[in-house]
Amino acid sequence: QVQLVESGGGLVQAGGSLRLSCAASQRTFSSYTMAWFRQAPGKEREFVAAIPWSGDRTYYEDSLKGRFTVSRDNAKNTLSLQMNSLKPEDTAVYYCAATYGRSWYAPSWAPKEADFGSWGQGTQVTVSS
C-alpha cells in the first residue's frame, strides 16, 4: 500500500481559493491512479476528482467541474487539487486516495470509494459565508 499525507486545508471565505496537496510515499507513484474524495459533517464520503496513472484524462463530480482542477506531478510523487470559487457547501474533510492503475479507464468511469485501497487521514476545508 501507498502512504498518503494531505495538506493545504484551512479556513477560507466564500469565493476564495485553496490548493490541496497529497504526498505519496511510494516510489512507483506514477503507476497509481489517484483521487480526491470529501466528507461533510453528517454526510457520506463523496467523490470529488480523479486522475489515472497516465494523467491523460481527469474525472470530476459533475457539480464541481469548472471550479476544481486535479493534477499530478509524478516526479514529486504529489497529487494536487486546485479549488476556486469556493462555497460554504464545499466545507468538508478532503481525502486523498490511491489504487494501482488499470491499463485503461473508460471516459465514462465513475470512481467510487471501493475502487481505492489506500487513503490519507484527510485535511479540513472550511468555507465561511
# chains A, B, ... in the order shown; residues from 1 in each chain; ligands from 1
$ select_by_dssp --residues "segment 3-129 of chain A" --states "strand (DSSP E)" --output "ChimeraX atom specification"
/A:4-7,10-13,18-24,32-39,46-51,59-60,68-73,78-83,92-100,118-119,123-128
$ select_by_dssp --residues "segment 37-107 of chain A" --states "helix (DSSP H, G or I)" --output "list in words"
Asp62, Ser63, Leu64, Pro88, Glu89 and Asp90 of chain A
$ atom_distance --atom1 "atom CA of Arg19 of chain A" --atom2 "atom CA of Ser85 of chain A"
11.9 Å
$ closest_residue --among "A:Ser21, A:Ala106, A:Glu113, A:Leu86" --to "Glu44 of chain A" --atoms "only C-alpha atoms"
A:Glu113
$ closest_residue --among "A:Phe47, A:Ala35, A:Lys87, A:Tyr100" --to "Val70 of chain A" --atoms "only C-alpha atoms"
A:Ala35
$ closest_atom_pairs --of "segment 67-94 of chain A" --to "segment 52-63 of chain A" --cutoff "10 Å" --atoms "only C-alpha atoms" --output "Markdown table"
| residue | atom | partner | partner_atom | distance |
| --- | --- | --- | --- | --- |
| A:Arg67 | CA | A:Ser63 | CA | 8.8 |
| A:Phe68 | CA | A:Tyr60 | CA | 8.1 |
| A:Thr69 | CA | A:Tyr60 | CA | 8.4 |
| A:Val70 | CA | A:Thr58 | CA | 7.2 |
| A:Ser71 | CA | A:Gly55 | CA | 7.8 |
| A:Arg72 | CA | A:Gly55 | CA | 7.3 |
| A:Asp73 | CA | A:Gly55 | CA | 9.3 |
| A:Asn74 | CA | A:Trp53 | CA | 8.9 |
